[in-house]
Amino acid sequence: MREPFFLRPTGKDYLWGGSRLNDEFCKEIKMEPLAETWECSTHPDGPSFAVGGEFDALSLARILKTHPEFLGSHPDSGDELPILIKFIDAKKDLSVQVHPTDDYAAAHENGQWGKTEMWYVLDAAKDAKLVYGLNHDVTAETLRDGIESGTLEKHLQTVPIQKNDVFFIEAGTIHAIGAGALIAEIQQSSNLTYRLYDYDRVGKDGKKRPLHVDKALAAANLKTSAEPRQPMRVLRYQPGCARELLCRCRYFEVSRMLVNTERRQKVIYRADSTSFRVLLCVDGCGTVSFSGKIKNIYKGDCLFVPADSAAIRLHGQLQLLDIRG
């Protein structure tokens, strides 16, 4: 049977980041700031690596190239990992941006994937907010004028956020994560981001980060966005565990698992033959055991579970995101 393995992420030191991923998630990445950790990724811009076991120190991309069966038989799996999972610590506002659809990316970005994503809010400051689309229909010229005059924000829909919120960001939606948000992001495996506006900030080199206004306006949905509402979430209980579906789309499915086992109680978990799964620990601690091995799992850990996996036993007080490609 195929055994799961832990992953070590690549970090990103974008100028808007903070220190919480090191301070609270024990990432031990020597970056300041530490804005993102790419927890489960085969993207060349930020690969993740196996920790321990027979694949120790190998990149996930190399492991899956050698063992494509780990991805499963789902017809959309192909031969590449279709998703990318991150932690994001926004100490400052992110740029106002947009990601392309698959069709736009295929036509204009050498056949790359577009980028639809989901955010799960791990924590949020009292006044934290995000940008989610537009508050009225606009033309590309109107937005271009807003960027040039510094009045773009009047066209943007801002939404207050709080811990445990879920937001689905479809490709083409103008968006931005606001200061004070700590986010788990599940997305297509893509790093295509078109910046519309970046508050005239400068990077470590003293220069403003580049904007991609023409591509952003071509890729963006310029219609009014409905105000995002939290999805109906129903907890389903089994001994030692409660589950709720957070998001399901054509690219991924995400559930939240609340594990709370008594002394000798364990929750049985495995991936079926159709798809790999990823367990992202967002709070608590406990153990995972399989094939006679027992491993500790802590807040911030990421476990890759191959398709048709060995049975896994979960024990402890854990909050996990259960992600399926």
# chains A, B, ... in the order shown; residues from 1 in each chain; ligands from 1
$ residues_around --residues "stretch 281-290 of chain A" --least-positions-apart "5" --cutoff "6 Å" --atoms "only C-alpha atoms" --output "list in words"
Lys295, Asn296, Ile297, Tyr298, Lys299, Gly300, Asp301, Ile312, Arg313, Leu314, His315, Gly316, Gln317, Leu318, Gln319 and Leu320 of chain A
$ select_by_dssp --residues "stretch 8-220 of chain A" --states "strand (DSSP E or B)" --output "PDB file with C-alpha atoms, in the first residue's frame"
ATOM      1  CA  ARG A   8       8.515  20.860   3.391  1.00  0.00           C
ATOM      2  CA  THR A  10       9.340  26.823  -0.279  1.00  0.00           C
ATOM      3  CA  GLY A  11       8.973  30.301   1.265  1.00  0.00           C
ATOM      4  CA  LYS A  12       8.353  33.686  -0.374  1.00  0.00           C
ATOM      5  CA  GLY A  17       4.373  39.606   4.446  1.00  0.00           C
ATOM      6  CA  GLY A  18       4.863  39.276   8.211  1.00  0.00           C
ATOM      7  CA  LEU A  34       7.868  35.505   5.249  1.00  0.00           C
ATOM      8  CA  GLU A  36       3.871  32.739   1.816  1.00  0.00           C
ATOM      9  CA  THR A  37       4.811  29.101   2.152  1.00  0.00           C
ATOM     10  CA  TRP A  38       4.013  26.851  -0.798  1.00  0.00           C
ATOM     11  CA  GLU A  39       3.082  23.748   1.157  1.00  0.00           C
ATOM     12  CA  CYS A  40       2.103  21.327  -1.595  1.00  0.00           C
ATOM     13  CA  PHE A  49       9.956  18.487  -0.830  1.00  0.00           C
ATOM     14  CA  ALA A  50       9.337  15.232   0.999  1.00  0.00           C
ATOM     15  CA  VAL A  51      10.448  14.972   4.627  1.00  0.00           C
ATOM     16  CA  SER A  59      10.901  17.279  -4.708  1.00  0.00           C
ATOM     17  CA  ILE A  83      -3.341  22.111  -7.481  1.00  0.00           C
ATOM     18  CA  LEU A  84      -1.111  24.262  -5.286  1.00  0.00           C
ATOM     19  CA  ILE A  85      -1.610  24.833  -1.540  1.00  0.00           C
ATOM     20  CA  LYS A  86      -0.251  27.826   0.393  1.00  0.00           C
ATOM     21  CA  PHE A  87      -0.243  29.593   3.716  1.00  0.00           C
ATOM     22  CA  ILE A  88      -0.412  33.392   3.339  1.00  0.00           C
ATOM     23  CA  ASP A  89       0.428  35.955   6.037  1.00  0.00           C
ATOM     24  CA  ALA A  90      -0.721  39.412   4.932  1.00  0.00           C
ATOM     25  CA  VAL A  96      -5.137  44.551  -6.450  1.00  0.00           C
ATOM     26  CA  GLN A  97      -4.853  41.807  -9.041  1.00  0.00           C
ATOM     27  CA  VAL A  98      -6.555  39.334 -11.317  1.00  0.00           C
ATOM     28  CA  GLU A 117      -8.577  29.688  -5.984  1.00  0.00           C
ATOM     29  CA  MET A 118     -10.240  29.322  -2.589  1.00  0.00           C
ATOM     30  CA  TRP A 119      -9.339  31.102   0.648  1.00  0.00           C
ATOM     31  CA  TYR A 120      -9.957  29.743   4.125  1.00  0.00           C
ATOM     32  CA  VAL A 121      -9.425  32.455   6.757  1.00  0.00           C
ATOM     33  CA  LEU A 122      -7.303  31.109   9.598  1.00  0.00           C
ATOM     34  CA  ASP A 123      -7.263  34.403  11.467  1.00  0.00           C
ATOM     35  CA  ALA A 124      -8.158  38.031  10.827  1.00  0.00           C
ATOM     36  CA  LYS A 129     -11.108  43.009   4.771  1.00  0.00           C
ATOM     37  CA  LEU A 130     -10.586  41.869   1.230  1.00  0.00           C
ATOM     38  CA  VAL A 131     -11.364  43.083  -2.261  1.00  0.00           C
ATOM     39  CA  TYR A 132     -13.838  40.864  -4.067  1.00  0.00           C
ATOM     40  CA  GLY A 133     -14.723  42.051  -7.563  1.00  0.00           C
ATOM     41  CA  LEU A 134     -16.390  45.319  -8.553  1.00  0.00           C
ATOM     42  CA  LEU A 156     -13.826  47.886  -5.897  1.00  0.00           C
ATOM     43  CA  GLN A 157     -16.116  45.854  -3.661  1.00  0.00           C
ATOM     44  CA  THR A 158     -14.595  45.464  -0.186  1.00  0.00           C
ATOM     45  CA  VAL A 159     -15.787  42.793   2.230  1.00  0.00           C
ATOM     46  CA  PRO A 160     -15.027  42.436   5.961  1.00  0.00           C
ATOM     47  CA  VAL A 166     -14.468  30.798   3.105  1.00  0.00           C
ATOM     48  CA  PHE A 167     -14.142  32.671  -0.201  1.00  0.00           C
ATOM     49  CA  PHE A 168     -14.150  31.204  -3.707  1.00  0.00           C
ATOM     50  CA  ILE A 169     -12.223  33.396  -6.160  1.00  0.00           C
ATOM     51  CA  HIS A 175      -9.363  40.737  -5.833  1.00  0.00           C
ATOM     52  CA  ALA A 176      -6.906  41.467  -3.031  1.00  0.00           C
ATOM     53  CA  ILE A 177      -6.230  40.114   0.452  1.00  0.00           C
ATOM     54  CA  ALA A 181      -5.440  38.277   7.236  1.00  0.00           C
ATOM     55  CA  LEU A 182      -3.913  34.828   7.710  1.00  0.00           C
ATOM     56  CA  ILE A 183      -5.079  32.557   4.902  1.00  0.00           C
ATOM     57  CA  ALA A 184      -4.869  28.978   3.665  1.00  0.00           C
ATOM     58  CA  GLU A 185      -5.147  29.080  -0.114  1.00  0.00           C
ATOM     59  CA  ILE A 186      -6.029  26.191  -2.411  1.00  0.00           C
ATOM     60  CA  GLN A 187      -5.636  26.991  -6.097  1.00  0.00           C
ATOM     61  CA  GLN A 188      -4.861  25.660  -9.524  1.00  0.00           C
ATOM     62  CA  TYR A 194      -1.653  40.365 -13.232  1.00  0.00           C
ATOM     63  CA  ARG A 195      -1.295  43.398 -10.951  1.00  0.00           C
ATOM     64  CA  LEU A 196      -3.690  46.285 -11.520  1.00  0.00           C
ATOM     65  CA  TYR A 197      -2.597  48.468  -8.618  1.00  0.00           C
ATOM     66  CA  VAL A 202       8.688  49.935  -3.796  1.00  0.00           C
ATOM     67  CA  LYS A 208       8.060  49.941  -7.879  1.00  0.00           C
TER      68      LYS A 208
END
$ select_by_dssp --residues "stretch 4-244 of chain A" --states "helix (DSSP H, G or I)" --output "ChimeraX atom specification"
/A:20-23,53-55,60-66,68-71,102-108,140-149,152-155,213-219
$ write_last_selection --atoms "C-alpha atoms" --output "PDB file, in the first residue's frame"
ATOM      1  CA  ARG A  20       3.438  34.643  11.745  1.00  0.00           C
ATOM      2  CA  LEU A  21       4.293  31.648   9.581  1.00  0.00           C
ATOM      3  CA  ASN A  22       7.583  31.321  11.444  1.00  0.00           C
ATOM      4  CA  ASP A  23       6.268  32.443  14.835  1.00  0.00           C
ATOM      5  CA  GLY A  53      10.719   8.124   4.559  1.00  0.00           C
ATOM      6  CA  GLU A  54      11.936   6.682   1.284  1.00  0.00           C
ATOM      7  CA  PHE A  55      11.471   9.977  -0.596  1.00  0.00           C
ATOM      8  CA  LEU A  60       7.240  16.379  -5.004  1.00  0.00           C
ATOM      9  CA  ALA A  61       7.542  16.957  -8.758  1.00  0.00           C
ATOM     10  CA  ARG A  62      10.271  14.322  -9.026  1.00  0.00           C
ATOM     11  CA  ILE A  63       8.329  11.862  -6.862  1.00  0.00           C
ATOM     12  CA  LEU A  64       5.213  12.193  -9.003  1.00  0.00           C
ATOM     13  CA  LYS A  65       7.204  11.910 -12.218  1.00  0.00           C
ATOM     14  CA  THR A  66       8.530   8.575 -10.955  1.00  0.00           C
ATOM     15  CA  PRO A  68       2.369   9.033 -11.563  1.00  0.00           C
ATOM     16  CA  GLU A  69       0.020   6.460 -10.044  1.00  0.00           C
ATOM     17  CA  PHE A  70       0.079   8.546  -6.850  1.00  0.00           C
ATOM     18  CA  LEU A  71      -2.151  11.091  -8.617  1.00  0.00           C
ATOM     19  CA  ASP A 102      -7.661  28.592 -18.511  1.00  0.00           C
ATOM     20  CA  ASP A 103      -8.674  29.800 -21.976  1.00  0.00           C
ATOM     21  CA  TYR A 104      -6.869  33.143 -21.624  1.00  0.00           C
ATOM     22  CA  ALA A 105      -3.750  31.512 -20.188  1.00  0.00           C
ATOM     23  CA  ALA A 106      -3.695  28.869 -22.907  1.00  0.00           C
ATOM     24  CA  ALA A 107      -3.897  31.550 -25.605  1.00  0.00           C
ATOM     25  CA  HIS A 108      -1.541  34.144 -24.101  1.00  0.00           C
ATOM     26  CA  ALA A 140     -11.643  48.837 -19.245  1.00  0.00           C
ATOM     27  CA  GLU A 141     -11.118  52.535 -19.889  1.00  0.00           C
ATOM     28  CA  THR A 142     -12.804  53.449 -16.593  1.00  0.00           C
ATOM     29  CA  LEU A 143     -10.489  51.165 -14.639  1.00  0.00           C
ATOM     30  CA  ARG A 144      -7.450  52.383 -16.530  1.00  0.00           C
ATOM     31  CA  ASP A 145      -8.376  55.969 -15.659  1.00  0.00           C
ATOM     32  CA  GLY A 146      -8.836  54.937 -12.020  1.00  0.00           C
ATOM     33  CA  ILE A 147      -5.373  53.399 -11.918  1.00  0.00           C
ATOM     34  CA  GLU A 148      -3.740  56.450 -13.454  1.00  0.00           C
ATOM     35  CA  SER A 149      -5.591  58.904 -11.198  1.00  0.00           C
ATOM     36  CA  LEU A 152      -9.329  52.736  -8.576  1.00  0.00           C
ATOM     37  CA  GLU A 153     -10.535  51.798  -5.097  1.00  0.00           C
ATOM     38  CA  LYS A 154     -13.898  53.519  -5.555  1.00  0.00           C
ATOM     39  CA  HIS A 155     -14.797  50.835  -8.117  1.00  0.00           C
ATOM     40  CA  VAL A 213      -2.572  46.570 -16.657  1.00  0.00           C
ATOM     41  CA  ASP A 214      -3.209  45.533 -20.264  1.00  0.00           C
ATOM     42  CA  LYS A 215      -3.304  41.809 -19.482  1.00  0.00           C
ATOM     43  CA  ALA A 216      -5.289  42.376 -16.295  1.00  0.00           C
ATOM     44  CA  LEU A 217      -7.991  44.374 -18.058  1.00  0.00           C
ATOM     45  CA  ALA A 218      -8.162  41.806 -20.870  1.00  0.00           C
ATOM     46  CA  ALA A 219      -8.515  38.917 -18.404  1.00  0.00           C
TER      47      ALA A 219
END
$ closest_residue --among "A:Gly325, A:Gly203, A:Gly180, A:Pro33" --to "A:Pro306" --atoms "only C-alpha atoms"
A:Gly325
$ closest_residue --among "A:Ala171, A:Ala57, A:Val278, A:Met257" --to "A:Arg236" --atoms "only C-alpha atoms"
A:Met257
$ residues_around --residues "A:Gly52" --least-positions-apart "5" --cutoff "10 Å" --atoms "only C-alpha atoms" --output "MDAnalysis selection string"
chainID A and resid 5:7 57:58
$ write_last_selection --atoms "all heavy atoms" --output "PDB file, in the first residue's frame"
ATOM      1  N   PHE A   5       3.351  10.943   3.024  1.00  0.00           N
ATOM      2  CA  PHE A   5       4.620  11.539   3.453  1.00  0.00           C
ATOM      3  C   PHE A   5       4.421  13.039   3.671  1.00  0.00           C
ATOM      4  O   PHE A   5       3.615  13.682   3.009  1.00  0.00           O
ATOM      5  CB  PHE A   5       5.740  11.275   2.442  1.00  0.00           C
ATOM      6  CG  PHE A   5       5.399  11.568   1.008  1.00  0.00           C
ATOM      7  CD1 PHE A   5       5.622  12.832   0.448  1.00  0.00           C
ATOM      8  CD2 PHE A   5       4.850  10.570   0.197  1.00  0.00           C
ATOM      9  CE1 PHE A   5       5.313  13.085  -0.878  1.00  0.00           C
ATOM     10  CE2 PHE A   5       4.535  10.820  -1.138  1.00  0.00           C
ATOM     11  CZ  PHE A   5       4.765  12.084  -1.678  1.00  0.00           C
ATOM     12  N   PHE A   6       5.174  13.571   4.628  1.00  0.00           N
ATOM     13  CA  PHE A   6       5.114  14.999   4.936  1.00  0.00           C
ATOM     14  C   PHE A   6       5.890  15.796   3.895  1.00  0.00           C
ATOM     15  O   PHE A   6       6.822  15.290   3.259  1.00  0.00           O
ATOM     16  CB  PHE A   6       5.683  15.280   6.328  1.00  0.00           C
ATOM     17  CG  PHE A   6       4.777  14.847   7.451  1.00  0.00           C
ATOM     18  CD1 PHE A   6       4.947  13.614   8.067  1.00  0.00           C
ATOM     19  CD2 PHE A   6       3.756  15.681   7.890  1.00  0.00           C
ATOM     20  CE1 PHE A   6       4.117  13.215   9.097  1.00  0.00           C
ATOM     21  CE2 PHE A   6       2.916  15.281   8.929  1.00  0.00           C
ATOM     22  CZ  PHE A   6       3.096  14.053   9.529  1.00  0.00           C
ATOM     23  N   LEU A   7       5.496  17.067   3.748  1.00  0.00           N
ATOM     24  CA  LEU A   7       6.130  17.962   2.790  1.00  0.00           C
ATOM     25  C   LEU A   7       6.749  19.168   3.487  1.00  0.00           C
ATOM     26  O   LEU A   7       6.220  19.667   4.479  1.00  0.00           O
ATOM     27  CB  LEU A   7       5.107  18.450   1.759  1.00  0.00           C
ATOM     28  CG  LEU A   7       4.522  17.389   0.834  1.00  0.00           C
ATOM     29  CD1 LEU A   7       3.404  17.990  -0.014  1.00  0.00           C
ATOM     30  CD2 LEU A   7       5.609  16.794  -0.075  1.00  0.00           C
ATOM     31  N   ALA A  57      13.802  14.409   1.077  1.00  0.00           N
ATOM     32  CA  ALA A  57      14.530  15.484   0.376  1.00  0.00           C
ATOM     33  C   ALA A  57      14.258  15.538  -1.125  1.00  0.00           C
ATOM     34  O   ALA A  57      14.733  16.462  -1.806  1.00  0.00           O
ATOM     35  CB  ALA A  57      16.036  15.403   0.633  1.00  0.00           C
ATOM     36  N   LEU A  58      13.501  14.615  -1.672  1.00  0.00           N
ATOM     37  CA  LEU A  58      13.149  14.683  -3.092  1.00  0.00           C
ATOM     38  C   LEU A  58      12.005  15.667  -3.291  1.00  0.00           C
ATOM     39  O   LEU A  58      11.104  15.786  -2.448  1.00  0.00           O
ATOM     40  CB  LEU A  58      12.733  13.311  -3.622  1.00  0.00           C
ATOM     41  CG  LEU A  58      13.801  12.212  -3.659  1.00  0.00           C
ATOM     42  CD1 LEU A  58      13.192  10.928  -4.211  1.00  0.00           C
ATOM     43  CD2 LEU A  58      15.002  12.643  -4.476  1.00  0.00           C
TER      44      LEU A  58
END
$ residues_around --residues "A:Leu246" --least-positions-apart "4" --cutoff "7 Å" --atoms "only C-alpha atoms" --output "list in words"
Val166, Arg233, Val254, Ser255 and Arg256 of chain A
$ atom_distance --atom1 "atom CA of A:Ser73" --atom2 "atom CA of A:Ser273"
6.4 Å
$ atom_distance --atom1 "atom CA of A:Asp322" --atom2 "atom CA of A:Ser275"
12.3 Å
$ atom_distance --atom1 "atom CA of A:Gln162" --atom2 "atom CA of A:Lys91"
15.2 Å
